[in-house]
$ cat my_file.json   # JSON, C-alpha atoms
[["chain", "number", "residue", "atom", "x", "y", "z"],
["A", 1, "MET", "CA", 0.00, 0.00, 0.00],
["A", 2, "VAL", "CA", 1.26, 3.49, -0.88],
["A", 3, "VAL", "CA", 1.07, 5.57, 2.27],
["A", 4, "PRO", "CA", -0.39, 9.08, 1.95],
["A", 5, "THR", "CA", 1.67, 11.86, 3.51],
["A", 6, "PHE", "CA", 0.93, 15.20, 5.12],
["A", 7, "ALA", "CA", 3.81, 17.02, 3.47],
["A", 8, "SER", "CA", 2.12, 20.38, 3.81],
["A", 9, "ALA", "CA", -0.89, 21.64, 5.72],
["A", 10, "ALA", "CA", -4.18, 20.62, 4.16],
["A", 11, "MET", "CA", -3.35, 20.83, 0.48],
["A", 12, "THR", "CA", -5.58, 17.99, -0.72],
["A", 13, "ALA", "CA", -7.51, 18.57, -3.92],
["A", 14, "THR", "CA", -10.65, 16.57, -4.63],
["A", 15, "PRO", "CA", -9.69, 13.12, -5.95],
["A", 16, "PRO", "CA", -10.77, 12.63, -9.55],
["A", 17, "SER", "CA", -13.33, 10.11, -10.80],
["A", 18, "PRO", "CA", -14.03, 8.06, -7.67],
["A", 19, "SER", "CA", -15.73, 4.69, -8.09],
["A", 20, "ASP", "CA", -19.13, 4.03, -6.51],
["A", 21, "ALA", "CA", -17.42, 1.84, -3.91],
["A", 22, "GLU", "CA", -15.02, 4.68, -3.03],
["A", 23, "ILE", "CA", -17.87, 7.18, -2.82],
["A", 24, "ASN", "CA", -19.75, 4.90, -0.45],
["A", 25, "GLY", "CA", -16.59, 4.36, 1.60],
["A", 26, "VAL", "CA", -15.99, 8.10, 2.05],
["A", 27, "PHE", "CA", -19.60, 8.76, 2.98],
["A", 28, "THR", "CA", -19.69, 5.81, 5.37],
["A", 29, "LEU", "CA", -16.64, 7.16, 7.17],
["A", 30, "ALA", "CA", -18.21, 10.63, 7.29],
["A", 31, "LEU", "CA", -21.40, 9.23, 8.79],
["A", 32, "LEU", "CA", -19.43, 7.16, 11.30],
["A", 33, "ALA", "CA", -17.57, 10.35, 12.24],
["A", 34, "ALA", "CA", -20.87, 12.18, 12.76],
["A", 35, "LEU", "CA", -22.03, 9.41, 15.10],
["A", 36, "ALA", "CA", -18.72, 8.96, 16.92],
["A", 37, "ASP", "CA", -19.57, 11.07, 19.97],
["A", 38, "GLY", "CA", -22.90, 9.31, 20.50],
["A", 39, "ASN", "CA", -24.82, 12.60, 20.62],
["A", 40, "ALA", "CA", -26.51, 12.71, 17.21],
["A", 41, "ASP", "CA", -30.22, 13.27, 17.77],
["A", 42, "ASP", "CA", -33.08, 12.39, 15.44],
["A", 43, "ARG", "CA", -33.00, 15.80, 13.75],
["A", 44, "GLU", "CA", -29.30, 15.52, 12.95],
["A", 45, "ARG", "CA", -29.71, 11.96, 11.68],
["A", 46, "ALA", "CA", -32.57, 13.07, 9.45],
["A", 47, "TYR", "CA", -30.52, 15.92, 8.02],
["A", 48, "LEU", "CA", -27.54, 13.64, 7.39],
["A", 49, "ARG", "CA", -29.84, 11.23, 5.59],
["A", 50, "GLU", "CA", -31.29, 14.05, 3.49],
["A", 51, "VAL", "CA", -27.86, 15.38, 2.54],
["A", 52, "ALA", "CA", -26.38, 11.98, 1.69],
["A", 53, "THR", "CA", -29.43, 11.12, -0.43],
["A", 54, "ARG", "CA", -29.37, 14.45, -2.23],
["A", 55, "VAL", "CA", -25.65, 14.30, -2.92],
["A", 56, "GLY", "CA", -25.08, 10.63, -3.60],
["A", 57, "GLY", "CA", -28.46, 9.13, -4.39],
["A", 58, "ASP", "CA", -28.56, 5.36, -4.31],
["A", 59, "ARG", "CA", -24.75, 5.13, -4.27],
["A", 60, "ILE", "CA", -24.74, 5.77, -0.50],
["A", 61, "ASP", "CA", -25.64, 3.05, 1.99],
["A", 62, "LEU", "CA", -27.56, 4.92, 4.69],
["A", 63, "ALA", "CA", -28.12, 1.90, 6.92],
["A", 64, "VAL", "CA", -25.27, 3.10, 9.14],
["A", 65, "LEU", "CA", -27.59, 5.82, 10.47],
["A", 66, "ASP", "CA", -30.11, 3.28, 11.75],
["A", 67, "ARG", "CA", -27.83, 0.65, 13.25],
["A", 68, "THR", "CA", -26.68, 0.36, 16.81],
["A", 69, "PRO", "CA", -22.96, 1.04, 17.35],
["A", 70, "GLY", "CA", -22.08, -2.64, 17.43],
["A", 71, "ALA", "CA", -23.87, -3.32, 14.14],
["A", 72, "ARG", "CA", -22.38, -0.45, 12.13],
["A", 73, "PRO", "CA", -19.75, -1.03, 9.44],
["A", 74, "SER", "CA", -16.23, -1.13, 10.81],
["A", 75, "ILE", "CA", -13.64, 1.47, 9.91],
["A", 76, "ALA", "CA", -11.66, -1.27, 8.19],
["A", 77, "ASP", "CA", -14.65, -2.19, 6.00],
["A", 78, "ALA", "CA", -15.26, 1.43, 4.99],
["A", 79, "VAL", "CA", -11.58, 2.06, 4.25],
["A", 80, "ARG", "CA", -11.06, -1.03, 2.12],
["A", 81, "PRO", "CA", -12.40, 0.40, -1.21],
["A", 82, "LEU", "CA", -10.23, 3.53, -0.97],
["A", 83, "SER", "CA", -7.51, 2.54, -3.39],
["A", 84, "THR", "CA", -5.35, 5.64, -3.78],
["A", 85, "PRO", "CA", -3.35, 7.80, -1.35],
["A", 86, "GLU", "CA", -5.32, 10.85, -2.47],
["A", 87, "MET", "CA", -8.68, 9.21, -1.75],
["A", 88, "ARG", "CA", -7.53, 8.00, 1.66],
["A", 89, "ARG", "CA", -6.23, 11.43, 2.61],
["A", 90, "TYR", "CA", -9.46, 13.02, 1.36],
["A", 91, "ALA", "CA", -11.61, 10.59, 3.37],
["A", 92, "TYR", "CA", -9.68, 11.46, 6.52],
["A", 93, "GLU", "CA", -10.05, 15.20, 5.96],
["A", 94, "VAL", "CA", -13.80, 14.83, 5.40],
["A", 95, "ALA", "CA", -14.11, 12.84, 8.64],
["A", 96, "VAL", "CA", -12.14, 15.48, 10.56],
["A", 97, "ALA", "CA", -14.37, 18.21, 9.13],
["A", 98, "VAL", "CA", -17.53, 16.41, 10.21],
["A", 99, "VAL", "CA", -16.13, 15.88, 13.71],
["A", 100, "ALA", "CA", -15.19, 19.58, 13.91],
["A", 101, "ALA", "CA", -18.65, 20.75, 12.88],
["A", 102, "ASP", "CA", -19.91, 21.15, 16.45],
["A", 103, "GLY", "CA", -16.65, 22.34, 17.99],
["A", 104, "THR", "CA", -13.34, 20.89, 19.07],
["A", 105, "HIS", "CA", -13.31, 17.11, 19.14],
["A", 106, "THR", "CA", -14.39, 15.03, 22.13],
["A", 107, "PRO", "CA", -12.32, 12.12, 23.53],
["A", 108, "ALA", "CA", -14.59, 9.64, 21.73],
["A", 109, "GLU", "CA", -14.17, 11.50, 18.45],
["A", 110, "GLY", "CA", -10.41, 11.71, 19.00],
["A", 111, "ALA", "CA", -10.25, 7.94, 19.44],
["A", 112, "PHE", "CA", -12.27, 7.47, 16.25],
["A", 113, "LEU", "CA", -9.94, 9.73, 14.28],
["A", 114, "ARG", "CA", -6.81, 7.99, 15.59],
["A", 115, "ASP", "CA", -8.25, 4.61, 14.60],
["A", 116, "LEU", "CA", -9.20, 5.99, 11.21],
["A", 117, "ALA", "CA", -5.76, 7.47, 10.55],
["A", 118, "SER", "CA", -4.19, 4.13, 11.45],
["A", 119, "ALA", "CA", -6.56, 2.19, 9.18],
["A", 120, "LEU", "CA", -5.85, 4.60, 6.33],
["A", 121, "GLY", "CA", -2.10, 4.27, 6.78],
["A", 122, "LEU", "CA", -1.63, 7.97, 7.49],
["A", 123, "PRO", "CA", 1.40, 9.22, 9.43],
["A", 124, "ALA", "CA", 0.22, 9.71, 13.02],
["A", 125, "GLN", "CA", 2.05, 12.98, 13.57],
["A", 126, "GLY", "CA", 0.69, 14.60, 10.44],
["A", 127, "ALA", "CA", -2.83, 13.35, 11.12],
["A", 128, "GLN", "CA", -2.73, 14.73, 14.65],
["A", 129, "ALA", "CA", -1.43, 18.07, 13.40],
["A", 130, "PHE", "CA", -4.33, 18.28, 10.95],
["A", 131, "VAL", "CA", -6.83, 17.62, 13.76],
["A", 132, "ALA", "CA", -5.15, 20.34, 15.83],
["A", 133, "GLN", "CA", -5.57, 22.79, 12.96],
["A", 134, "ALA", "CA", -9.24, 21.86, 12.62],
["A", 135, "ASP", "CA", -9.73, 22.29, 16.39],
["A", 136, "ALA", "CA", -8.16, 25.77, 16.26],
["A", 137, "ILE", "CA", -10.56, 26.77, 13.48],
["A", 138, "ALA", "CA", -13.56, 25.31, 15.34],
["A", 139, "ALA", "CA", -12.63, 27.17, 18.54],
["A", 140, "ALA", "CA", -12.06, 30.55, 16.89],
["A", 141, "PRO", "CA", -15.67, 31.84, 16.98],
["A", 142, "ALA", "CA", -15.58, 31.86, 20.81],
["A", 143, "ALA", "CA", -13.02, 34.67, 20.88],
["A", 144, "ALA", "CA", -14.44, 37.69, 22.69],
["A", 145, "ILE", "CA", -15.64, 40.69, 20.73],
["A", 146, "ALA", "CA", -14.39, 43.86, 22.40],
["A", 147, "GLY", "CA", -16.56, 46.88, 23.02],
["A", 148, "THR", "CA", -20.25, 47.50, 22.53],
["A", 149, "VAL", "CA", -21.73, 46.91, 19.11],
["A", 150, "MET", "CA", -24.78, 48.97, 18.19],
["A", 151, "PRO", "CA", -27.61, 47.59, 16.05],
["A", 152, "ASP", "CA", -26.87, 49.78, 13.04],
["A", 153, "ALA", "CA", -28.77, 48.30, 10.10],
["A", 154, "ALA", "CA", -26.28, 49.35, 7.43],
["A", 155, "ALA", "CA", -23.31, 48.09, 9.44],
["A", 156, "LEU", "CA", -24.99, 44.75, 10.09],
["A", 157, "ASP", "CA", -25.88, 44.38, 6.41],
["A", 158, "LYS", "CA", -22.23, 45.01, 5.52],
["A", 159, "GLN", "CA", -21.10, 42.38, 8.05],
["A", 160, "VAL", "CA", -23.53, 39.84, 6.57],
["A", 161, "LEU", "CA", -22.37, 40.58, 3.02],
["A", 162, "ASP", "CA", -18.68, 40.50, 3.96],
["A", 163, "ALA", "CA", -19.10, 37.14, 5.71],
["A", 164, "SER", "CA", -21.04, 35.76, 2.73],
["A", 165, "ILE", "CA", -18.34, 36.84, 0.27],
["A", 166, "THR", "CA", -15.61, 35.42, 2.50],
["A", 167, "ASN", "CA", -17.34, 32.06, 2.86],
["A", 168, "ALA", "CA", -17.93, 31.84, -0.89],
["A", 169, "ALA", "CA", -14.25, 32.64, -1.43],
["A", 170, "LEU", "CA", -13.17, 29.97, 1.07],
["A", 171, "GLU", "CA", -15.16, 27.38, -0.83],
["A", 172, "LEU", "CA", -13.34, 28.26, -4.05],
["A", 173, "LEU", "CA", -10.00, 27.30, -2.50],
["A", 174, "PRO", "CA", -8.69, 23.73, -2.87],
["A", 175, "GLU", "CA", -7.54, 23.33, 0.74],
["A", 176, "THR", "CA", -9.83, 21.30, 2.97],
["A", 177, "LEU", "CA", -9.17, 23.57, 5.93],
["A", 178, "ALA", "CA", -10.62, 26.48, 3.96],
["A", 179, "SER", "CA", -13.98, 24.75, 3.76],
["A", 180, "MET", "CA", -13.76, 23.93, 7.47],
["A", 181, "ALA", "CA", -13.73, 27.66, 8.26],
["A", 182, "ILE", "CA", -17.17, 28.27, 6.73],
["A", 183, "LEU", "CA", -19.32, 27.10, 9.65],
["A", 184, "PRO", "CA", -17.18, 28.88, 12.29],
["A", 185, "LEU", "CA", -17.53, 32.10, 10.29],
["A", 186, "GLN", "CA", -21.29, 31.62, 10.28],
["A", 187, "VAL", "CA", -21.24, 31.08, 14.05],
["A", 188, "ARG", "CA", -19.15, 34.22, 14.48],
["A", 189, "LEU", "CA", -21.56, 36.23, 12.33],
["A", 190, "VAL", "CA", -24.60, 35.16, 14.37],
["A", 191, "TYR", "CA", -22.66, 35.95, 17.55],
["A", 192, "ARG", "CA", -21.96, 39.48, 16.34],
["A", 193, "ILE", "CA", -25.58, 40.06, 15.32],
["A", 194, "GLY", "CA", -26.87, 38.79, 18.66],
["A", 195, "LYS", "CA", -24.41, 41.05, 20.49],
["A", 196, "ALA", "CA", -25.54, 44.04, 18.44],
["A", 197, "TYR", "CA", -29.05, 43.52, 19.78],
["A", 198, "GLY", "CA", -27.88, 43.08, 23.36],
["A", 199, "TYR", "CA", -27.62, 39.29, 23.59],
["A", 200, "GLU", "CA", -24.46, 37.60, 24.84],
["A", 201, "LEU", "CA", -24.64, 34.20, 23.17],
["A", 202, "ASP", "CA", -22.69, 31.01, 23.70],
["A", 203, "GLN", "CA", -21.72, 28.65, 20.91],
["A", 204, "GLY", "CA", -24.25, 26.04, 22.01],
["A", 205, "HIS", "CA", -27.13, 28.47, 21.53],
["A", 206, "ILE", "CA", -25.79, 29.71, 18.20],
["A", 207, "LYS", "CA", -25.38, 26.22, 16.80],
["A", 208, "GLU", "CA", -28.88, 25.35, 17.95],
["A", 209, "PHE", "CA", -30.11, 28.47, 16.16],
["A", 210, "ILE", "CA", -28.30, 27.50, 12.97],
["A", 211, "ALA", "CA", -29.62, 23.94, 13.13],
["A", 212, "ALA", "CA", -33.17, 25.22, 13.78],
["A", 213, "ALA", "CA", -32.94, 27.30, 10.62],
["A", 214, "GLY", "CA", -32.44, 24.05, 8.72],
["A", 215, "VAL", "CA", -28.68, 24.16, 8.28],
["A", 216, "GLY", "CA", -27.30, 21.04, 9.93],
["A", 217, "LEU", "CA", -23.85, 21.12, 11.46],
["A", 218, "ALA", "CA", -22.14, 17.90, 10.39],
["A", 219, "GLY", "CA", -24.53, 17.75, 7.45],
["A", 220, "GLN", "CA", -23.37, 21.09, 6.11],
["A", 221, "TYR", "CA", -19.78, 19.89, 5.90],
["A", 222, "LEU", "CA", -20.90, 16.58, 4.43],
["A", 223, "GLU", "CA", -22.76, 18.49, 1.75],
["A", 224, "GLN", "CA", -19.80, 20.75, 0.94],
["A", 225, "PHE", "CA", -17.35, 17.90, 0.53],
["A", 226, "GLY", "CA", -19.93, 15.73, -1.20],
["A", 227, "ARG", "CA", -20.40, 18.37, -3.89],
["A", 228, "LYS", "CA", -16.68, 18.45, -4.54],
["A", 229, "LEU", "CA", -16.37, 14.67, -4.59],
["A", 230, "LEU", "CA", -19.42, 13.89, -6.69],
["A", 231, "GLY", "CA", -20.21, 17.01, -8.64],
["A", 232, "GLY", "CA", -23.85, 16.08, -8.12],
["A", 233, "LEU", "CA", -26.67, 18.04, -6.54],
["A", 234, "LEU", "CA", -27.47, 21.71, -6.79],
["A", 235, "GLY", "CA", -26.45, 21.94, -10.41],
["A", 236, "THR", "CA", -29.21, 24.47, -10.88],
["A", 237, "VAL", "CA", -28.18, 26.73, -8.01],
["A", 238, "LEU", "CA", -25.84, 28.66, -10.30],
["A", 239, "GLY", "CA", -27.46, 27.55, -13.52],
["A", 240, "GLY", "CA", -26.12, 30.48, -15.51],
["A", 241, "MET", "CA", -22.57, 29.49, -14.69],
["A", 242, "GLY", "CA", -23.01, 26.02, -16.12],
["A", 243, "ARG", "CA", -20.78, 23.00, -15.80],
["A", 244, "ALA", "CA", -17.85, 24.81, -17.36],
["A", 245, "ALA", "CA", -17.36, 26.80, -14.17],
["A", 246, "GLY", "CA", -17.17, 23.57, -12.23],
["A", 247, "HIS", "CA", -19.04, 22.20, -9.28],
["A", 248, "GLN", "CA", -16.80, 24.08, -6.88],
["A", 249, "ALA", "CA", -18.34, 27.31, -8.16],
["A", 250, "ALA", "CA", -21.80, 25.95, -7.37],
["A", 251, "SER", "CA", -20.61, 24.99, -3.91],
["A", 252, "SER", "CA", -19.16, 28.48, -3.45],
["A", 253, "GLY", "CA", -22.50, 29.98, -4.42],
["A", 254, "MET", "CA", -24.32, 27.90, -1.86],
["A", 255, "ALA", "CA", -21.82, 28.94, 0.83],
["A", 256, "PHE", "CA", -22.61, 32.57, -0.03],
["A", 257, "ALA", "CA", -26.38, 32.04, -0.04],
["A", 258, "THR", "CA", -26.45, 30.03, 3.20],
["A", 259, "THR", "CA", -24.32, 32.59, 5.06],
["A", 260, "TRP", "CA", -26.35, 35.50, 3.71],
["A", 261, "ALA", "CA", -29.65, 33.86, 4.70],
["A", 262, "LEU", "CA", -28.38, 33.01, 8.19],
["A", 263, "GLY", "CA", -27.32, 36.61, 8.70],
["A", 264, "GLN", "CA", -30.66, 37.96, 7.57],
["A", 265, "VAL", "CA", -32.73, 35.57, 9.67],
["A", 266, "ALA", "CA", -30.48, 36.27, 12.68],
["A", 267, "LYS", "CA", -31.25, 39.99, 12.29],
["A", 268, "GLN", "CA", -34.98, 39.18, 12.28],
["A", 269, "TYR", "CA", -34.69, 36.84, 15.25],
["A", 270, "TYR", "CA", -32.54, 38.89, 17.59],
["A", 271, "GLY", "CA", -33.82, 42.25, 16.36],
["A", 272, "GLY", "CA", -37.35, 41.05, 17.09],
["A", 273, "GLY", "CA", -36.55, 40.05, 20.66],
["A", 274, "ARG", "CA", -36.13, 36.32, 19.93],
["A", 275, "THR", "CA", -39.87, 35.88, 19.52],
["A", 276, "LEU", "CA", -39.79, 33.52, 16.53],
["A", 277, "ASP", "CA", -40.34, 29.87, 17.44],
["A", 278, "MET", "CA", -38.28, 27.18, 15.75],
["A", 279, "ASP", "CA", -40.89, 26.43, 13.05],
["A", 280, "LYS", "CA", -41.18, 30.10, 12.11],
["A", 281, "LEU", "CA", -37.42, 30.42, 12.11],
["A", 282, "LYS", "CA", -37.05, 27.61, 9.60],
["A", 283, "ALA", "CA", -39.91, 29.00, 7.49],
["A", 284, "ALA", "CA", -38.23, 32.41, 7.41],
["A", 285, "PHE", "CA", -34.90, 30.93, 6.31],
["A", 286, "ALA", "CA", -36.08, 29.23, 3.10],
["A", 287, "PRO", "CA", -37.05, 32.37, 1.10],
["A", 288, "LEU", "CA", -33.95, 34.18, 2.36],
["A", 289, "LEU", "CA", -31.81, 31.34, 1.01],
["A", 290, "ALA", "CA", -33.42, 31.83, -2.40],
["A", 291, "GLN", "CA", -32.69, 35.56, -2.20],
["A", 292, "GLY", "CA", -29.07, 34.79, -1.36],
["A", 293, "GLN", "CA", -28.78, 32.50, -4.36],
["A", 294, "ALA", "CA", -30.08, 35.30, -6.59],
["A", 295, "LEU", "CA", -27.33, 37.63, -5.35],
["A", 296, "VAL", "CA", -24.36, 35.39, -6.10],
["A", 297, "ASP", "CA", -23.67, 36.53, -9.66],
["A", 298, "ARG", "CA", -23.69, 40.17, -8.58],
["A", 299, "TYR", "CA", -20.78, 39.56, -6.22],
["A", 300, "GLY", "CA", -18.81, 37.08, -8.31],
["A", 301, "GLY", "CA", -15.92, 39.49, -8.83],
["A", 302, "ASP", "CA", -15.73, 40.31, -5.13],
["A", 303, "ILE", "CA", -15.70, 36.60, -4.28],
["A", 304, "ALA", "CA", -12.86, 35.88, -6.70],
["A", 305, "GLN", "CA", -10.86, 38.84, -5.40],
["A", 306, "ARG", "CA", -11.40, 37.75, -1.79],
["A", 307, "ALA", "CA", -10.21, 34.24, -2.61],
["A", 308, "ARG", "CA", -6.89, 35.65, -3.82],
["A", 309, "THR", "CA", -6.26, 37.36, -0.46],
["A", 310, "ILE", "CA", -7.00, 34.54, 1.99],
["A", 311, "ASP", "CA", -4.07, 33.03, 3.87],
["A", 312, "VAL", "CA", -5.14, 29.46, 4.62],
["A", 313, "ARG", "CA", -2.31, 29.16, 7.15],
["A", 314, "ASN", "CA", -4.03, 31.68, 9.43],
["A", 315, "LEU", "CA", -7.73, 30.84, 9.31],
["A", 316, "PRO", "CA", -8.40, 31.25, 13.08],
["A", 317, "ALA", "CA", -7.30, 34.91, 12.79],
["A", 318, "LEU", "CA", -9.58, 35.36, 9.79],
["A", 319, "ILE", "CA", -12.54, 34.08, 11.79],
["A", 320, "LYS", "CA", -11.75, 36.17, 14.87],
["A", 321, "GLY", "CA", -11.40, 39.26, 12.71],
["A", 322, "LEU", "CA", -14.96, 39.07, 11.36]]
$ encode --input "my_file.json" --output "structure tokens"
Amino acid sequence: MVVPTFASAAMTATPPSPSDAEINGVFTLALLAALADGNADDRERAYLREVATRVGGDRIDLAVLDRTPGARPSIADAVRPLSTPEMRRYAYEVAVAVVAADGTHTPAEGAFLRDLASALGLPAQGAQAFVAQADAIAAAPAAAIAGTVMPDAAALDKQVLDASITNAALELLPETLASMAILPLQVRLVYRIGKAYGYELDQGHIKEFIAAAGVGLAGQYLEQFGRKLLGGLLGTVLGGMGRAAGHQAASSGMAFATTWALGQVAKQYYGGGRTLDMDKLKAAFAPLLAQGQALVDRYGGDIAQRARTIDVRNLPALIKGL
């Protein structure tokens, strides 16, 4: 077996032309990662099922979501079809991203990732360094925001747009860590909006808010990486851009639209005194997502320019600076 290396930090591009068996192996590992801490509730499982079905169709075996821990596929079984160093490295990075979706990894998730790195034949030191980088990105939104922020509508709109452009730019970059910064930037944005309206929020509340809007945590990362791997779903999101622009452009557009919609619904929620219940919150998000999708082409030049300025080696600082 050719052993993948971590010669530089998170420089994996999407492996080309995976087989159906490899696709299923990557998704199985991602789902096992999402379940590794034992805390996935019915809503998260349903969202993971929805994402995997939308992205991979009948190529993904979703039985893992319904089985008890002892009856789930083993790591060794899921790894077996991954035939190239690039695919094995990519599978590991996807699993780390899913684990990092709800914050720094737990001991159970750490054990899962160590076992996975071993099964994939990855160098332990490099794999651990990658997890540490992902943890630093996941922890960045908790950094304190100094001073008092006033609920100025124009300033908040600019913050929402800036975050949307930045997240779209991150998704254009080939590095896996860049995509991992998208959810923390969304968390940071909601935190700033809540603070502007006088609410001091913790990450648990913010992530519950994001999930209630219909944007799953682990599922969002699974969807991002699934688009890159499969080039499926959401082909109509940026229909005018067509296939020639590549599926990564479509994924970038969805990162913009999702961030923009979250910012707008957060303004409604916190600006209205947190009176929306969870059903109304989700109902408000859907049309805002469509509005965000309609704005993508207008800001295409800004997104491309932003992508050229991002230093992937310093993503925690990027998040804290939002």
$ closest_residue --input "my_file.json" --among "A:Leu122, A:Ala163, A:Ala213, A:Ala283" --to "Glu86 (chain A)" --atoms "only C-alpha atoms"
A:Leu122
$ atom_distance --input "my_file.json" --atom1 "CA of Ile60 (chain A)" --atom2 "CA of Ala255 (chain A)"
23.4 Å
$ residues_around --input "my_file.json" --residues "Leu156 (chain A)" --least-positions-apart "6" --cutoff "10 Å" --atoms "only C-alpha atoms" --output "PyMOL selection string"
chain A and resi 149-150+162+189+192-193+196+263-264+267
$ write_last_selection --input "my_file.json" --atoms "C-alpha atoms" --output "PDB file, in the coordinates of the input"
ATOM      1  CA  VAL A 149     -21.730  46.910  19.110  1.00  0.00           C
ATOM      2  CA  MET A 150     -24.780  48.970  18.190  1.00  0.00           C
ATOM      3  CA  ASP A 162     -18.680  40.500   3.960  1.00  0.00           C
ATOM      4  CA  LEU A 189     -21.560  36.230  12.330  1.00  0.00           C
ATOM      5  CA  ARG A 192     -21.960  39.480  16.340  1.00  0.00           C
ATOM      6  CA  ILE A 193     -25.580  40.060  15.320  1.00  0.00           C
ATOM      7  CA  ALA A 196     -25.540  44.040  18.440  1.00  0.00           C
ATOM      8  CA  GLY A 263     -27.320  36.610   8.700  1.00  0.00           C
ATOM      9  CA  GLN A 264     -30.660  37.960   7.570  1.00  0.00           C
ATOM     10  CA  LYS A 267     -31.250  39.990  12.290  1.00  0.00           C
TER      11      LYS A 267
END
$ closest_residue --input "my_file.json" --among "A:Ala36, A:Ala307, A:Leu29, A:Leu262" --to "Pro287 (chain A)" --atoms "only C-alpha atoms"
A:Leu262
$ residues_around --input "my_file.json" --residues "Ile165 (chain A)" --least-positions-apart "5" --cutoff "8 Å" --atoms "only C-alpha atoms" --output "PDB file with C-alpha atoms, keeping the file's coordinate frame"
ATOM      1  CA  PHE A 256     -22.610  32.570  -0.030  1.00  0.00           C
ATOM      2  CA  TYR A 299     -20.780  39.560  -6.220  1.00  0.00           C
ATOM      3  CA  ASP A 302     -15.730  40.310  -5.130  1.00  0.00           C
ATOM      4  CA  ILE A 303     -15.700  36.600  -4.280  1.00  0.00           C
ATOM      5  CA  ARG A 306     -11.400  37.750  -1.790  1.00  0.00           C
TER       6      ARG A 306
END
$ atom_distance --input "my_file.json" --atom1 "CA of Arg89 (chain A)" --atom2 "CA of Gly121 (chain A)"
9.3 Å
$ closest_residue --input "my_file.json" --among "A:Gly126, A:Gly38, A:Pro174, A:Pro69" --to "Pro107 (chain A)" --atoms "all atoms listed in the file"
A:Gly38
$ residues_around --input "my_file.json" --residues "Ala117 (chain A)" --least-positions-apart "6" --cutoff "7 Å" --atoms "all atoms listed in the file" --output "compact mmCIF listing (two decimals) with C-alpha atoms, in the frame of the given file"
# COMPACT_ATOMS: atom_id res chain seq x y z
CA TYR A 92 -9.68 11.46 6.52
CA ALA A 124 0.22 9.71 13.02
CA ALA A 127 -2.83 13.35 11.12
$ residues_around --input "my_file.json" --residues "Gly25 (chain A)" --least-positions-apart "5" --cutoff "8 Å" --atoms "only C-alpha atoms" --output "PyMOL selection string"
chain A and resi 78-82
$ closest_residue --input "my_file.json" --among "A:Ala143, A:Leu281, A:Val215, A:Ala168" --to "Ser251 (chain A)" --atoms "all atoms listed in the file"
A:Ala168
$ closest_residue --input "my_file.json" --among "A:Leu222, A:Ile206, A:Ala169, A:Ala140" --to "Arg49 (chain A)" --atoms "only C-alpha atoms"
A:Leu222
